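Note: the block below is start18.cif and it holds mmCIF, C-alpha atoms.
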data_protein
#
loop_
_atom_site.group_PDB
_atom_site.id
_atom_site.type_symbol
_atom_site.label_atom_id
_atom_site.label_comp_id
_atom_site.auth_asym_id
_atom_site.auth_seq_id
_atom_site.Cartn_x
_atom_site.Cartn_y
_atom_site.Cartn_z
ATOM 1 C CA MET A 1207 95.227 169.008 -148.926
ATOM 2 C CA ASN A 1208 93.430 172.201 -149.875
ATOM 3 C CA VAL A 1209 94.554 174.067 -152.998
ATOM 4 C CA GLU A 1210 93.226 177.436 -154.091
ATOM 5 C CA TYR A 1211 93.905 178.594 -157.654
ATOM 6 C CA ALA A 1212 93.753 182.214 -158.801
ATOM 7 C CA ASN A 1213 94.211 184.090 -162.059
ATOM 8 C CA PRO A 1214 93.993 187.790 -161.140
ATOM 9 C CA SER A 1215 92.425 189.879 -163.901
ATOM 10 C CA GLN A 1216 95.372 192.284 -163.642
ATOM 11 C CA LEU A 1217 97.703 189.561 -165.015
ATOM 12 C CA CYS A 1218 97.904 188.229 -168.575
ATOM 13 C CA PRO A 1219 95.584 185.443 -169.815
ATOM 14 C CA THR A 1220 96.763 181.872 -169.184
ATOM 15 C CA TYR A 1221 96.969 178.968 -171.608
ATOM 16 C CA GLY A 1222 96.952 175.725 -169.650
ATOM 17 C CA TRP A 1223 98.573 177.108 -166.495
ATOM 18 C CA THR A 1224 97.571 179.164 -163.445
ATOM 19 C CA HIS A 1225 99.197 182.316 -162.048
ATOM 20 C CA VAL A 1226 98.766 181.555 -158.331
ATOM 21 C CA ALA A 1227 98.214 178.412 -156.267
ATOM 22 C CA SER A 1228 98.150 178.347 -152.481
ATOM 23 C CA VAL A 1229 98.252 175.075 -150.566
ATOM 24 C CA THR A 1230 97.371 174.202 -146.986
ATOM 25 C CA GLY A 1231 97.564 170.797 -145.307
ATOM 26 C CA GLY A 1232 98.488 167.555 -147.024
ATOM 27 C CA LYS A 1233 101.950 166.373 -147.974
ATOM 28 C CA THR A 1234 104.556 167.709 -150.384
ATOM 29 C CA ILE A 1235 106.158 165.457 -152.996
ATOM 30 C CA TYR A 1236 109.351 166.390 -154.836
ATOM 31 C CA ILE A 1237 110.190 164.732 -158.157
ATOM 32 C CA SER A 1238 113.604 164.961 -159.773
ATOM 33 C CA GLY A 1239 113.782 166.381 -163.274
ATOM 34 C CA GLN A 1240 112.473 163.939 -165.856
ATOM 35 C CA VAL A 1241 113.576 163.734 -169.479
ATOM 36 C CA GLY A 1242 112.821 161.625 -172.537
ATOM 37 C CA ILE A 1243 114.469 158.475 -171.197
ATOM 38 C CA ASN A 1244 112.584 155.207 -170.728
ATOM 39 C CA GLU A 1245 112.852 152.611 -167.953
ATOM 40 C CA ARG A 1246 115.801 150.936 -169.739
ATOM 41 C CA GLY A 1247 117.787 154.206 -169.769
ATOM 42 C CA GLU A 1248 117.276 154.698 -173.509
ATOM 43 C CA VAL A 1249 116.560 158.069 -175.108
ATOM 44 C CA VAL A 1250 113.056 158.071 -176.583
ATOM 45 C CA GLY A 1251 112.509 160.130 -179.732
ATOM 46 C CA LYS A 1252 116.026 161.460 -180.218
ATOM 47 C CA GLY A 1253 115.605 164.844 -181.935
ATOM 48 C CA ASP A 1254 111.781 164.667 -181.611
ATOM 49 C CA MET A 1255 110.424 167.330 -179.229
ATOM 50 C CA LYS A 1256 106.955 165.776 -178.975
ATOM 51 C CA ALA A 1257 108.166 162.216 -178.319
ATOM 52 C CA GLN A 1258 110.593 163.381 -175.642
ATOM 53 C CA THR A 1259 107.968 165.589 -173.984
ATOM 54 C CA GLU A 1260 105.513 162.671 -173.945
ATOM 55 C CA GLN A 1261 108.136 160.399 -172.345
ATOM 56 C CA ALA A 1262 109.020 163.007 -169.722
ATOM 57 C CA PHE A 1263 105.347 163.388 -168.758
ATOM 58 C CA ARG A 1264 104.928 159.574 -168.623
ATOM 59 C CA ASN A 1265 107.941 159.447 -166.307
ATOM 60 C CA ILE A 1266 106.429 162.111 -164.057
ATOM 61 C CA GLU A 1267 103.173 160.154 -163.964
ATOM 62 C CA VAL A 1268 105.056 157.025 -162.821
ATOM 63 C CA ALA A 1269 106.853 159.023 -160.125
ATOM 64 C CA LEU A 1270 103.584 160.557 -158.925
ATOM 65 C CA HIS A 1271 101.949 157.132 -158.679
ATOM 66 C CA ALA A 1272 104.941 155.849 -156.687
ATOM 67 C CA ALA A 1273 104.179 158.590 -154.143
ATOM 68 C CA GLY A 1274 100.434 157.889 -154.123
ATOM 69 C CA ALA A 1275 99.569 160.942 -156.228
ATOM 70 C CA THR A 1276 98.281 161.861 -159.689
ATOM 71 C CA PHE A 1277 98.605 164.886 -161.944
ATOM 72 C CA LYS A 1278 95.494 166.280 -160.224
ATOM 73 C CA ASP A 1279 97.724 166.755 -157.165
ATOM 74 C CA VAL A 1280 100.405 168.714 -159.046
ATOM 75 C CA VAL A 1281 100.502 172.374 -158.019
ATOM 76 C CA LYS A 1282 103.712 173.557 -159.757
ATOM 77 C CA THR A 1283 105.724 172.509 -162.799
ATOM 78 C CA SER A 1284 109.039 173.818 -164.093
ATOM 79 C CA LEU A 1285 109.931 172.854 -167.642
ATOM 80 C CA PHE A 1286 113.459 173.299 -168.982
ATOM 81 C CA VAL A 1287 113.853 172.910 -172.749
ATOM 82 C CA VAL A 1288 117.153 172.865 -174.619
ATOM 83 C CA GLY A 1289 117.105 175.369 -177.480
ATOM 84 C CA LEU A 1290 113.554 176.519 -176.728
ATOM 85 C CA CYS A 1291 111.947 178.430 -179.592
ATOM 86 C CA PRO A 1292 108.375 179.673 -180.183
ATOM 87 C CA GLU A 1293 107.360 176.685 -182.340
ATOM 88 C CA HIS A 1294 108.076 174.322 -179.418
ATOM 89 C CA VAL A 1295 105.470 175.937 -177.166
ATOM 90 C CA PRO A 1296 102.332 174.524 -178.892
ATOM 91 C CA ILE A 1297 103.900 171.034 -178.865
ATOM 92 C CA ILE A 1298 104.623 171.243 -175.147
ATOM 93 C CA ARG A 1299 101.162 172.662 -174.408
ATOM 94 C CA GLU A 1300 99.438 169.896 -176.371
ATOM 95 C CA VAL A 1301 101.269 167.123 -174.527
ATOM 96 C CA ARG A 1302 100.928 168.818 -171.135
ATOM 97 C CA SER A 1303 97.173 169.281 -171.678
ATOM 98 C CA ARG A 1304 96.739 165.491 -171.758
ATOM 99 C CA TYR A 1305 98.148 165.208 -168.247
ATOM 100 C CA VAL A 1306 97.333 168.281 -166.148
ATOM 101 C CA SER A 1307 93.914 169.398 -165.002
ATOM 102 C CA SER A 1308 92.183 171.698 -167.486
ATOM 103 C CA GLU A 1309 89.947 173.038 -164.715
ATOM 104 C CA ASN A 1310 92.782 173.882 -162.304
ATOM 105 C CA PRO A 1311 96.098 173.605 -164.156
ATOM 106 C CA PRO A 1312 99.259 173.948 -162.069
ATOM 107 C CA VAL A 1313 101.396 177.024 -161.761
ATOM 108 C CA SER A 1314 104.046 176.587 -164.451
ATOM 109 C CA THR A 1315 107.356 178.016 -165.585
ATOM 110 C CA LEU A 1316 108.888 177.274 -168.998
ATOM 111 C CA VAL A 1317 112.600 178.059 -169.395
ATOM 112 C CA GLY A 1318 114.879 177.702 -172.407
ATOM 113 C CA VAL A 1319 118.335 176.396 -171.503
ATOM 114 C CA GLN A 1320 121.571 175.721 -173.341
ATOM 115 C CA ALA A 1321 121.933 172.126 -172.173
ATOM 116 C CA LEU A 1322 120.658 169.454 -169.787
ATOM 117 C CA VAL A 1323 122.606 166.605 -168.193
ATOM 118 C CA GLY A 1324 122.615 164.403 -171.337
ATOM 119 C CA PRO A 1325 123.425 165.409 -174.912
ATOM 120 C CA ASP A 1326 120.160 164.002 -176.410
#
Kindly present the structure from the file in C-alpha cells form.
Amino acid sequence: MNVEYANPSQLCPTYGWTHVASVTGGKTIYISGQVGINERGEVVGKGDMKAQTEQAFRNIEVALHAAGATFKDVVKTSLFVVGLCPEHVPIIREVRSRYVSSENPPVSTLVGVQALVGPD
C-alpha cells in the first residue's frame, strides 16, 4: 500500500493530524466504532475522559492486529465525543499521540455529539 500525506500551506496548521492522505494499492480495513469498554463488556473509567479514550484506542489497536495491521497503517480516524468541550481536546490529543504516527499522522475528524449507543 502506498500512502501520500499532504498539508497544503494554504490550510491551517495541524496538531497530530494530516489534511490530506491519498492511498493506492493494498487492502482497506474497516473497524466499528470503539468506546471505553473492555473485553468483559465493562465500562472503563466511567466519567473519566482520559481513561475512556485510552481504552478506545487500546480496542482499536486490538482490532487492527486482528486484521494484520498497526496504527502505522491507519489513514483516517473519526472521533465522536459526547459533550465535547475545548478542555477535552488536549486529553484526546495526548492519548492519540501515543498511538498514531507522529511523522505521518492520519487524516482525522473530531465531532461532538449528544449521545452514543451507551449511557456511560
Applied to this file, what does the PyMOL selection byres ((chain A and resi 1267) around 12) return in terms of residues, put as a PDB file with C-alpha atoms, in the coordinates of the input?
ATOM      1  CA  ILE A1237     110.190 164.732-158.157  1.00  0.00           C
ATOM      2  CA  GLN A1240     112.473 163.939-165.856  1.00  0.00           C
ATOM      3  CA  GLU A1260     105.513 162.671-173.945  1.00  0.00           C
ATOM      4  CA  GLN A1261     108.136 160.399-172.345  1.00  0.00           C
ATOM      5  CA  ALA A1262     109.020 163.007-169.722  1.00  0.00           C
ATOM      6  CA  PHE A1263     105.347 163.388-168.758  1.00  0.00           C
ATOM      7  CA  ARG A1264     104.928 159.574-168.623  1.00  0.00           C
ATOM      8  CA  ASN A1265     107.941 159.447-166.307  1.00  0.00           C
ATOM      9  CA  ILE A1266     106.429 162.111-164.057  1.00  0.00           C
ATOM     10  CA  VAL A1268     105.056 157.025-162.821  1.00  0.00           C
ATOM     11  CA  ALA A1269     106.853 159.023-160.125  1.00  0.00           C
ATOM     12  CA  LEU A1270     103.584 160.557-158.925  1.00  0.00           C
ATOM     13  CA  HIS A1271     101.949 157.132-158.679  1.00  0.00           C
ATOM     14  CA  ALA A1272     104.941 155.849-156.687  1.00  0.00           C
ATOM     15  CA  ALA A1273     104.179 158.590-154.143  1.00  0.00           C
ATOM     16  CA  GLY A1274     100.434 157.889-154.123  1.00  0.00           C
ATOM     17  CA  ALA A1275      99.569 160.942-156.228  1.00  0.00           C
ATOM     18  CA  THR A1276      98.281 161.861-159.689  1.00  0.00           C
ATOM     19  CA  PHE A1277      98.605 164.886-161.944  1.00  0.00           C
ATOM     20  CA  LYS A1278      95.494 166.280-160.224  1.00  0.00           C
ATOM     21  CA  ASP A1279      97.724 166.755-157.165  1.00  0.00           C
ATOM     22  CA  VAL A1280     100.405 168.714-159.046  1.00  0.00           C
ATOM     23  CA  ARG A1302     100.928 168.818-171.135  1.00  0.00           C
ATOM     24  CA  ARG A1304      96.739 165.491-171.758  1.00  0.00           C
ATOM     25  CA  TYR A1305      98.148 165.208-168.247  1.00  0.00           C
ATOM     26  CA  VAL A1306      97.333 168.281-166.148  1.00  0.00           C
TER      27      VAL A1306
END
request  = Write out as number ranges by chain the residues lying within 7 Å of Pro1311 of chain A, counting only C-alpha atoms and excluding same-chain residues fewer than 6 positions away.
outcome  = A: 1222-1224
key: Result set of the PyMOL selection byres ((chain A and resi 1316) around 8) on the coordinates above, as JSON, numbers by chain   = {"A": [1284, 1285, 1286, 1287, 1314, 1315, 1317, 1318]}
task = Counting only C-alpha atoms, figure out which residue out of A:Gly1289, A:Pro1214, A:Gly1253, A:Pro1296 gets nearest to Val1319 of chain A.
result = A:Gly1289
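We find atom CA of Ser1307 of chain A and atom CA of Met1255 of chain A to be spaced 21.9 Å apart.
Each of A:Asn1208, A:Ile1297, A:Ser1308, A:Thr1283 was compared to Ser1238 of chain A using only C-alpha atoms, and A:Thr1283 turns out to be the nearest.
The interatomic distance for the pair atom CA of Ile1243 of chain A and atom CA of Gly1324 of chain A works out to 10.1 Å.
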